[in-house]
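Novice: Input: one structure, supplied below.
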Amino acid sequence: MDLGPLRPYTWALVLGLLVPVSWTLDLVLGPGVVVFVVAGIAIIPLAWFLGLGTEELGKHAGPGVGGLLNATFGNATELIIAIFALTRGLTEVVKASLTGSIVGNILLVLGLSMLVGGLRHKSQSFSREASGIQVAMLVVAVIGLLMPALYVLSAEAKGGVSPLTLEEISVGIAAILVVAYVLGLLFSLRTHRDIFNPITEVEDRPRWSKRFALIVLVVSTGLVALESEILVESLEPARTALGLTDLFVGVIIVAIVGNAAEHGSAVLMAYRNKMELSVAVATTSTTQVALFVAPALVFVSLLTVRPMTLDFEIFELASLALSTAVVSAVISDGRSNWYEGALLVMVYAVIAVAFFFHPA
Amino acid sequence: MDLGPLRPYTWALVLGLLVPVSWTLDLVLGPGVVVFVVAGIAIIPLAWFLGLGTEELGKHAGPGVGGLLNATFGNATELIIAIFALTRGLTEVVKASLTGSIVGNILLVLGLSMLVGGLRHKSQSFSREASGIQVAMLVVAVIGLLMPALYVLSAEAKGGVSPLTLEEISVGIAAILVVAYVLGLLFSLRTHRDIFNPITEVEDRPRWSKRFALIVLVVSTGLVALESEILVESLEPARTALGLTDLFVGVIIVAIVGNAAEHGSAVLMAYRNKMELSVAVATTSTTQVALFVAPALVFVSLLTVRPMTLDFEIFELASLALSTAVVSAVISDGRSNWYEGALLVMVYAVIAVAFFFHPA
Amino acid sequence: MDLGPLRPYTWALVLGLLVPVSWTLDLVLGPGVVVFVVAGIAIIPLAWFLGLGTEELGKHAGPGVGGLLNATFGNATELIIAIFALTRGLTEVVKASLTGSIVGNILLVLGLSMLVGGLRHKSQSFSREASGIQVAMLVVAVIGLLMPALYVLSAEAKGGVSPLTLEEISVGIAAILVVAYVLGLLFSLRTHRDIFNPITEVEDRPRWSKRFALIVLVVSTGLVALESEILVESLEPARTALGLTDLFVGVIIVAIVGNAAEHGSAVLMAYRNKMELSVAVATTSTTQVALFVAPALVFVSLLTVRPMTLDFEIFELASLALSTAVVSAVISDGRSNWYEGALLVMVYAVIAVAFFFHPA
């Protein structure tokens, strides 16, 4: 097999050397801070190749199926890490990483994109219509994720929370969110493709052969799975050693690791004045996590010993709701500048400070 | 009297046969599930005729007084049902039905209108200015309805809620909301009629004689009152028999019954690509309930043994605030499509699930 | 020195006679209701001269430094009153006055401006871009001010609030808010001056000499300081005598006194159809308080015996968040009319009612 098509991605191949390093360290040192850090970095290039493989395969499959592929595999790394964490019963970390992923995408990724892009270009524009629908999808998701916590709050005041009811509510809401997601795919890939056209049409010619793309996809998915297991196994001892809370690890650290590759490409596109694409990456990734990954994990968790419900921490919910509010204020005019980007990053910083000091 | 003008409304006349049926059942079976269901359906055509009579009389009175008539009698059915419920001390059901009416109008009516209209027409447009003002009115109402609950929350933490203070706050806020409503009428019917013009000008020629319209209005109001009494009398036994909570009955069932006729006509208008009218029906009806019906009931309740305060359940408040947020995100661009409608319906489904599982 | 340039401001000079009156009363009667009222009125013309002096000096310094001067001294009166209150340990009153100042600026000042301007002009317009960025800044500030209270809420449920952690969170967030403020100055005075241009360019020619402006600035600042001390000293006995709560005094009374001069000029500009300037005064003043005065007081309070943290009352936070929501709904279209102004004033009334009945 000719590995030539991978040559432009030297940075990723070099970082990828950390994959075998992490295995060796895991064997020699056992789970801990060092393994956690190395595996966390090693997973970034793997996520990048997983993304590339999906994209290239999608180009062969045509816009409809390709869009579907991207929508399903777009957050595969996060999904895989989360599933391994669920099998270890780390439901709180998983929920925190969902929050962190959503907040990170709309505040940090979008914020850095607008900031970096805005430092070079005075004003950048993007589709109000497409981003408006993504914001509406996000508002729907946030409403869904709020309700179970409100049930808990209300039930506590009235004599006691029933875990079974909480699970039923979570499953019911997860089902509704998935329906909203599937209808959203139908909307963006079928009935109203033109709204999202300028985004999906860019670089439609495949650069890889179908076979090569498939191999990259399969191999990187496998390696992501392996690496995720090592990462999750080290998470608990690393967390304890560093004196961090579940919430902080999930919201800030796991979320950054799972999304690092996307972060980089979104910022790069903004720098090249393709703000349309940056906004699309950040918002689509956000709604995927909120409307697809989160409910999918609820269903997957039903197969484990400890089902994951959708009752988030009040801090998490406040962060979700407030991030949505600020991003809605910032993107509603279809234009961005460096200061709007800076404001989003500031909000991320405020949330990070709050989570850092949050009681265990 | 020539009943010819009623001929186009065969469906309503046929459904109207359930009115005497409900009386007979009430005598034979006594209050219960069957009577509740039949009276609930029988009230729908009556509400429809009440609306038609108001509209036709309004055309004779000219736009100014006509607008006033529509604004006052537009939610007469809900007001009548609520007053009967208040006299039986069912303040919780009444408050729940206010929530349900607001949420139902902006999520279910508007959502179904956008969905059904959008399945036939790729994109539909409506006045951003008119709907923007309605959203602002709704935000003001939601703020007013939140404050008493915040007082309760705050007072509980500080030693105890004073029922008298809660009543004073409720009356004070109700007075402010009514002032906002009256000023809103002045604005939309007087000083800035042109903003709402395309809406109010449609079909300005009366189809009924003044006398006929008046008779329909009086008769249907009387029948609505009779039917409401039967409905409310059966509400408690039906609720117990079906094992539902006050909140669910109020928010979902009573709210749907009280608004069914409007729901139908809004969806029909959207299907005929008169989205402007659909949005106007849904949003005007919402602000009427929030700024006029709710405060009016506070004042009416002062005459009963159990005054109704405006401290809503946290679930209700969250539903109100979140529905307002999502509808604001969806209508801010003055255009709609099927997916935006679907999203609104999804939020309604999420809220319905939450209320269904809500502890009694 | 020629006092001629002060001649157009007879009203302020006459009101200024209350300054020596307040001193005499303070000596004769001692701190109490009378001194509180007189000093409260006397401070208004002083704040006005402080503002004029800053503005005139700014014209000599050129747009960049002038903008900086205005941004720093714009809320000097509030800052001075607050510092005197902090030295007496009145942190709750200070926090309440911050809330009141923000809420008062975006609801009362902006609302009255839109209402008064709208009664004379059917529709008035202003820059959507400039006001949009101010709203985004405000949303960021509100998020920052919410987080410490959320920490307290969360920590209470989990075993206890640590005052030290609360202080650390407050200082961390205050630092982020100040950075957002400084970047905002860079944005509006440097990189994107054109967005705010129509506002800052008006009346650029100085009417006073540099020396005269400086003298007015120094003398009025000194008198504001003196008067603030008298005011704050009388605050506690006056509050007790009138039976008002800390919260009500801070949110409604101190906030109105500290902003009265600005209120007047914003309304006057709206009446003259310079809505652009009215909106700029109201929104800039709001973001100054939220992003500069509030964090500055956190830092200043570190030097006193009782550090001020940023954990606001739930009532205050709700007021801040809801005011931001309603103002965002109202100004998003870049146009205003009398009814939008009336709605803002109504929300202020709702909040005032709630705070009046709020338990001590």
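Order determines the names: the first chain of the structure tokens is A, the second B, and so forth; residues in each chain are numbered 1 upward, and ligands are numbered 1 upward as they are shown.
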Identify every residue of chain C that has at least one atom within 9 Å of any atom of chain B, counting only C-alpha atoms, and report the result as a tab-separated table (two decimals) with N, CA, C and O atoms, in the first residue's frame.
Specialist:
```
chain	number	residue	atom	x	y	z
C	122	LYS	N	-42.20	58.73	15.21
C	122	LYS	CA	-42.87	57.43	15.09
C	122	LYS	C	-41.90	56.26	15.26
C	122	LYS	O	-42.21	55.27	15.91
C	313	GLU	N	-27.43	38.07	45.07
C	313	GLU	CA	-28.72	37.49	45.46
C	313	GLU	C	-29.41	36.90	44.22
C	313	GLU	O	-29.26	37.43	43.10
C	314	ILE	N	-30.19	35.87	44.40
C	314	ILE	CA	-30.90	35.26	43.28
C	314	ILE	C	-31.83	36.27	42.59
C	314	ILE	O	-31.97	36.28	41.37
C	315	PHE	N	-32.43	37.16	43.39
C	315	PHE	CA	-33.30	38.19	42.84
C	315	PHE	C	-32.51	39.14	41.94
C	315	PHE	O	-32.98	39.56	40.88
C	318	ALA	N	-31.51	37.22	38.73
C	318	ALA	CA	-32.66	37.08	37.84
C	318	ALA	C	-32.94	38.41	37.14
C	318	ALA	O	-33.18	38.45	35.93
C	319	SER	N	-32.88	39.50	37.91
C	319	SER	CA	-33.13	40.81	37.31
C	319	SER	C	-32.11	41.12	36.23
C	319	SER	O	-32.46	41.62	35.15
C	322	LEU	N	-32.73	38.73	33.16
C	322	LEU	CA	-33.98	38.99	32.45
C	322	LEU	C	-33.95	40.35	31.76
C	322	LEU	O	-34.47	40.51	30.66
C	323	SER	N	-33.33	41.35	32.42
C	323	SER	CA	-33.21	42.66	31.78
C	323	SER	C	-32.40	42.53	30.50
C	323	SER	O	-32.73	43.14	29.48
C	325	ALA	N	-32.11	39.93	28.66
C	325	ALA	CA	-32.93	39.24	27.65
C	325	ALA	C	-33.91	40.20	26.99
C	325	ALA	O	-34.05	40.23	25.76
C	326	VAL	N	-34.58	41.01	27.80
C	326	VAL	CA	-35.61	41.87	27.22
C	326	VAL	C	-34.98	42.99	26.39
C	326	VAL	O	-35.47	43.33	25.30
C	327	VAL	N	-33.85	43.53	26.85
C	327	VAL	CA	-33.23	44.60	26.08
C	327	VAL	C	-32.67	44.04	24.78
C	327	VAL	O	-32.72	44.69	23.72
C	329	ALA	N	-34.00	41.60	23.09
C	329	ALA	CA	-35.15	41.44	22.20
C	329	ALA	C	-35.57	42.77	21.60
C	329	ALA	O	-35.96	42.85	20.44
C	330	VAL	N	-35.46	43.84	22.40
C	330	VAL	CA	-35.96	45.14	21.95
C	330	VAL	C	-35.01	45.84	20.97
C	330	VAL	O	-35.45	46.45	20.01
C	333	ASP	N	-33.31	44.89	16.42
C	333	ASP	CA	-33.63	45.32	15.05
C	333	ASP	C	-33.11	46.72	14.71
C	333	ASP	O	-33.34	47.22	13.61
C	338	TRP	N	-42.26	54.04	20.80
C	338	TRP	CA	-42.66	54.35	22.18
C	338	TRP	C	-43.06	53.10	22.96
C	338	TRP	O	-42.81	53.00	24.16
C	339	TYR	N	-43.67	52.10	22.27
C	339	TYR	CA	-44.15	50.95	23.01
C	339	TYR	C	-42.99	50.08	23.51
C	339	TYR	O	-43.05	49.53	24.61
C	340	GLU	N	-41.95	49.97	22.69
C	340	GLU	CA	-40.78	49.21	23.16
C	340	GLU	C	-40.20	49.88	24.41
C	340	GLU	O	-39.81	49.21	25.36
C	342	ALA	N	-41.94	51.69	26.51
C	342	ALA	CA	-42.89	51.44	27.60
C	342	ALA	C	-42.69	50.04	28.18
C	342	ALA	O	-42.74	49.84	29.41
C	343	LEU	N	-42.42	49.06	27.30
C	343	LEU	CA	-42.20	47.69	27.80
C	343	LEU	C	-40.98	47.62	28.73
C	343	LEU	O	-41.03	46.97	29.77
C	344	LEU	N	-39.90	48.32	28.35
C	344	LEU	CA	-38.71	48.32	29.22
C	344	LEU	C	-39.04	48.94	30.58
C	344	LEU	O	-38.63	48.42	31.62
C	346	MET	N	-41.94	49.01	32.00
C	346	MET	CA	-42.80	48.04	32.71
C	346	MET	C	-41.95	46.99	33.41
C	346	MET	O	-42.23	46.60	34.55
C	347	VAL	N	-40.93	46.48	32.71
C	347	VAL	CA	-40.08	45.47	33.34
C	347	VAL	C	-39.37	46.07	34.55
C	347	VAL	O	-39.25	45.42	35.59
C	349	ALA	N	-40.58	48.38	36.41
C	349	ALA	CA	-41.62	48.46	37.44
C	349	ALA	C	-41.81	47.10	38.11
C	349	ALA	O	-41.92	46.99	39.34
C	350	VAL	N	-41.85	46.03	37.29
C	350	VAL	CA	-42.01	44.68	37.85
C	350	VAL	C	-40.87	44.38	38.83
C	350	VAL	O	-41.09	43.89	39.94
C	351	ILE	N	-39.65	44.72	38.41
C	351	ILE	CA	-38.49	44.45	39.26
C	351	ILE	C	-38.55	45.30	40.53
C	351	ILE	O	-38.26	44.81	41.63
C	353	VAL	N	-41.24	46.42	42.07
C	353	VAL	CA	-42.25	45.81	42.94
C	353	VAL	C	-41.66	44.62	43.68
C	353	VAL	O	-41.78	44.47	44.90
C	354	ALA	N	-40.98	43.77	42.93
C	354	ALA	CA	-40.41	42.56	43.53
C	354	ALA	C	-39.40	42.92	44.62
C	354	ALA	O	-39.40	42.33	45.70
C	355	PHE	N	-38.52	43.90	44.34
C	355	PHE	CA	-37.52	44.27	45.34
C	355	PHE	C	-38.14	44.95	46.55
C	355	PHE	O	-37.64	44.83	47.66
C	357	PHE	N	-40.95	44.24	47.95
C	357	PHE	CA	-41.53	43.24	48.86
C	357	PHE	C	-40.53	42.18	49.30
C	357	PHE	O	-40.86	41.28	50.06
C	358	HIS	N	-39.30	42.28	48.77
C	358	HIS	CA	-38.29	41.27	49.07
C	358	HIS	C	-37.98	41.24	50.56
C	358	HIS	O	-37.79	42.27	51.18
C	359	PRO	N	-37.92	40.03	51.15
C	359	PRO	CA	-37.60	39.95	52.59
C	359	PRO	C	-36.20	40.50	52.87
C	359	PRO	O	-35.30	40.36	52.06
C	360	ALA	N	-36.06	41.11	54.03
C	360	ALA	CA	-34.79	41.76	54.41
C	360	ALA	C	-33.64	40.75	54.39
C	360	ALA	O	-33.80	39.62	54.81
```
Novice: Would you mind listing what lies within 7 Å of Leu50 (chain C) as a PyMOL selection string, with only C-alpha atoms counted and same-chain residues fewer than 5 positions away left out?
Specialist: chain C and resi 216-217+220-221
Novice: Do you have the CA of Leu46 (chain B)-CA of Val254 (chain B) distance handy?
Specialist: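 Separation between CA of Leu46 (chain B) and CA of Val254 (chain B): 15.1 Å.
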Novice: At a cut-off of 7 Å, using only C-alpha atoms, what residues contact Gly58 (chain C)? Leave out same-chain residues fewer than 5 positions from it and give the result as an NGL selection string.
Specialist: :C and (65-67 or 69-70)
Novice: Using only C-alpha atoms, find the one residue out of C:Ile81, C:Ala42, C:Ala352, C:Val21 that sits nearest to Leu247 (chain C).
Specialist: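 Going through C:Ile81, C:Ala42, C:Ala352, C:Val21 one by one, the smallest distance to Leu247 (chain C) is for C:Ala352.
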Novice: May I ask which of the residues A:Gly222, A:Gly118, A:Pro45, A:Pro307 is the closest one to Gly264 (chain A), counting only C-alpha atoms?
Specialist: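 When distances to Gly264 (chain A) are compared using only C-alpha atoms, the smallest one comes from A:Pro45.
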Novice: Find the spatial neighbours of Ser22 (chain A), counting only C-alpha atoms, within a cut-off of 12 Å - ignore same-chain residues fewer than 2 positions away - and output them as JSON, numbers by chain.
Specialist: {"A": [15, 16, 17, 18, 19, 20, 24, 25, 26, 27, 28, 29, 30, 31, 32, 33, 34, 35, 36, 37, 38, 39, 40, 41, 42, 43, 223, 226, 227, 228, 229, 230, 231, 234]}
Novice: Mind writing the picked residues with N, CA, C and O atoms as a compact mmCIF listing (two decimals), in the first residue's frame?
Specialist:
```txt
# COMPACT_ATOMS: atom_id res chain seq x y z
N LEU A 15 3.35 13.06 15.73
CA LEU A 15 2.61 12.94 17.00
C LEU A 15 2.13 11.51 17.21
O LEU A 15 2.04 11.02 18.33
N GLY A 16 1.81 10.84 16.09
CA GLY A 16 1.30 9.47 16.15
C GLY A 16 2.30 8.51 16.76
O GLY A 16 1.93 7.44 17.25
N LEU A 17 3.59 8.89 16.74
CA LEU A 17 4.60 8.03 17.37
C LEU A 17 4.34 7.87 18.86
O LEU A 17 4.80 6.92 19.49
N LEU A 18 3.56 8.82 19.43
CA LEU A 18 3.24 8.71 20.85
C LEU A 18 2.30 7.54 21.14
O LEU A 18 2.16 7.13 22.30
N VAL A 19 1.65 7.01 20.09
CA VAL A 19 0.74 5.89 20.31
C VAL A 19 1.49 4.69 20.89
O VAL A 19 1.18 4.22 22.00
N PRO A 20 2.53 4.15 20.19
CA PRO A 20 3.28 3.03 20.79
C PRO A 20 3.97 3.44 22.10
O PRO A 20 4.07 2.63 23.03
N THR A 24 3.83 1.41 25.70
CA THR A 24 5.00 1.00 26.48
C THR A 24 4.92 1.55 27.90
O THR A 24 5.11 0.82 28.88
N LEU A 25 4.62 2.86 27.99
CA LEU A 25 4.53 3.48 29.31
C LEU A 25 3.46 2.83 30.17
O LEU A 25 3.64 2.64 31.38
N ASP A 26 2.34 2.47 29.55
CA ASP A 26 1.25 1.84 30.28
C ASP A 26 1.73 0.51 30.89
O ASP A 26 1.38 0.17 32.02
N LEU A 27 2.54 -0.25 30.07
CA LEU A 27 3.05 -1.53 30.55
C LEU A 27 4.08 -1.33 31.66
O LEU A 27 4.07 -2.04 32.66
N VAL A 28 4.97 -0.35 31.44
CA VAL A 28 6.07 -0.15 32.38
C VAL A 28 5.61 0.52 33.68
O VAL A 28 5.86 0.04 34.77
N LEU A 29 4.89 1.67 33.52
CA LEU A 29 4.53 2.46 34.70
C LEU A 29 3.16 2.12 35.28
O LEU A 29 2.88 2.39 36.44
N GLY A 30 2.29 1.54 34.47
CA GLY A 30 0.91 1.35 34.92
C GLY A 30 0.13 2.63 34.79
O GLY A 30 0.71 3.70 34.55
N PRO A 31 -1.21 2.56 34.94
CA PRO A 31 -2.06 3.74 34.77
C PRO A 31 -1.65 4.86 35.71
O PRO A 31 -1.36 4.59 36.88
N GLY A 32 -1.62 6.09 35.21
CA GLY A 32 -1.25 7.22 36.05
C GLY A 32 -1.17 8.49 35.22
O GLY A 32 -1.56 8.52 34.06
N VAL A 33 -0.64 9.54 35.85
CA VAL A 33 -0.59 10.86 35.22
C VAL A 33 0.15 10.82 33.89
O VAL A 33 -0.33 11.32 32.87
N VAL A 34 1.33 10.19 33.88
CA VAL A 34 2.17 10.18 32.67
C VAL A 34 1.43 9.52 31.50
O VAL A 34 1.34 10.07 30.41
N VAL A 35 0.88 8.35 31.75
CA VAL A 35 0.16 7.63 30.70
C VAL A 35 -1.04 8.46 30.22
O VAL A 35 -1.32 8.56 29.02
N PHE A 36 -1.73 9.08 31.18
CA PHE A 36 -2.91 9.90 30.84
C PHE A 36 -2.52 11.03 29.88
O PHE A 36 -3.17 11.25 28.86
N VAL A 37 -1.43 11.73 30.20
CA VAL A 37 -0.99 12.85 29.37
C VAL A 37 -0.56 12.36 27.99
O VAL A 37 -1.00 12.89 26.96
N VAL A 38 0.28 11.33 27.95
CA VAL A 38 0.79 10.85 26.66
C VAL A 38 -0.35 10.30 25.80
O VAL A 38 -0.46 10.62 24.61
N ALA A 39 -1.23 9.49 26.39
CA ALA A 39 -2.35 8.94 25.63
C ALA A 39 -3.28 10.05 25.16
O ALA A 39 -3.82 10.01 24.05
N GLY A 40 -3.44 11.08 26.00
CA GLY A 40 -4.29 12.22 25.64
C GLY A 40 -3.76 12.92 24.41
O GLY A 40 -4.52 13.30 23.51
N ILE A 41 -2.42 13.08 24.34
CA ILE A 41 -1.84 13.74 23.16
C ILE A 41 -1.87 12.79 21.96
O ILE A 41 -2.15 13.19 20.84
N ALA A 42 -1.60 11.51 22.21
CA ALA A 42 -1.53 10.53 21.11
C ALA A 42 -2.86 10.39 20.40
O ALA A 42 -2.92 10.05 19.21
N ILE A 43 -3.94 10.61 21.11
CA ILE A 43 -5.26 10.40 20.52
C ILE A 43 -5.61 11.52 19.52
O ILE A 43 -6.45 11.33 18.63
N LEU A 223 -7.38 2.18 16.46
CA LEU A 223 -6.37 2.76 17.34
C LEU A 223 -6.99 3.74 18.33
O LEU A 223 -6.58 3.80 19.49
N LEU A 226 -8.34 1.62 21.10
CA LEU A 226 -7.26 1.15 21.98
C LEU A 226 -6.78 2.28 22.90
O LEU A 226 -6.65 2.11 24.12
N GLU A 227 -6.49 3.41 22.27
CA GLU A 227 -5.95 4.55 23.00
C GLU A 227 -6.94 5.08 24.03
O GLU A 227 -6.56 5.50 25.12
N SER A 228 -8.23 5.04 23.65
CA SER A 228 -9.27 5.51 24.58
C SER A 228 -9.28 4.64 25.83
O SER A 228 -9.47 5.14 26.95
N GLU A 229 -9.09 3.33 25.62
CA GLU A 229 -9.13 2.46 26.79
C GLU A 229 -8.00 2.81 27.76
O GLU A 229 -8.20 2.90 28.96
N ILE A 230 -6.81 3.02 27.18
CA ILE A 230 -5.67 3.41 28.02
C ILE A 230 -5.94 4.73 28.71
O ILE A 230 -5.69 4.89 29.92
N LEU A 231 -6.48 5.68 27.95
CA LEU A 231 -6.76 7.01 28.50
C LEU A 231 -7.74 6.92 29.68
O LEU A 231 -7.50 7.48 30.75
N SER A 234 -6.44 5.38 32.83
CA SER A 234 -5.54 6.26 33.59
C SER A 234 -6.26 7.46 34.18
O SER A 234 -5.71 8.17 35.02
```
Novice: Using CA of Gly89 (chain B) and CA of Leu164 (chain B) as the two end points, give the distance in Å to one decimal.
Specialist: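 According to the coordinates, CA of Gly89 (chain B) and CA of Leu164 (chain B) are separated by 17.7 Å.
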Novice: Please give the complete set of residues from region 101-138 of chain B that DSSP, run on the backbone, assigns to alpha helix (DSSP H), formatted as an MDAnalysis selection string.
Specialist: chainID B and resid 101:103 110:120 128:138
Novice: At what distance in Å, to one decimal, does CA of Thr286 (chain A) lie from CA of Gln124 (chain A)?
Specialist: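 Computing the Euclidean distance for CA of Gln124 (chain A) and CA of Thr286 (chain A) yields 20.9 Å.
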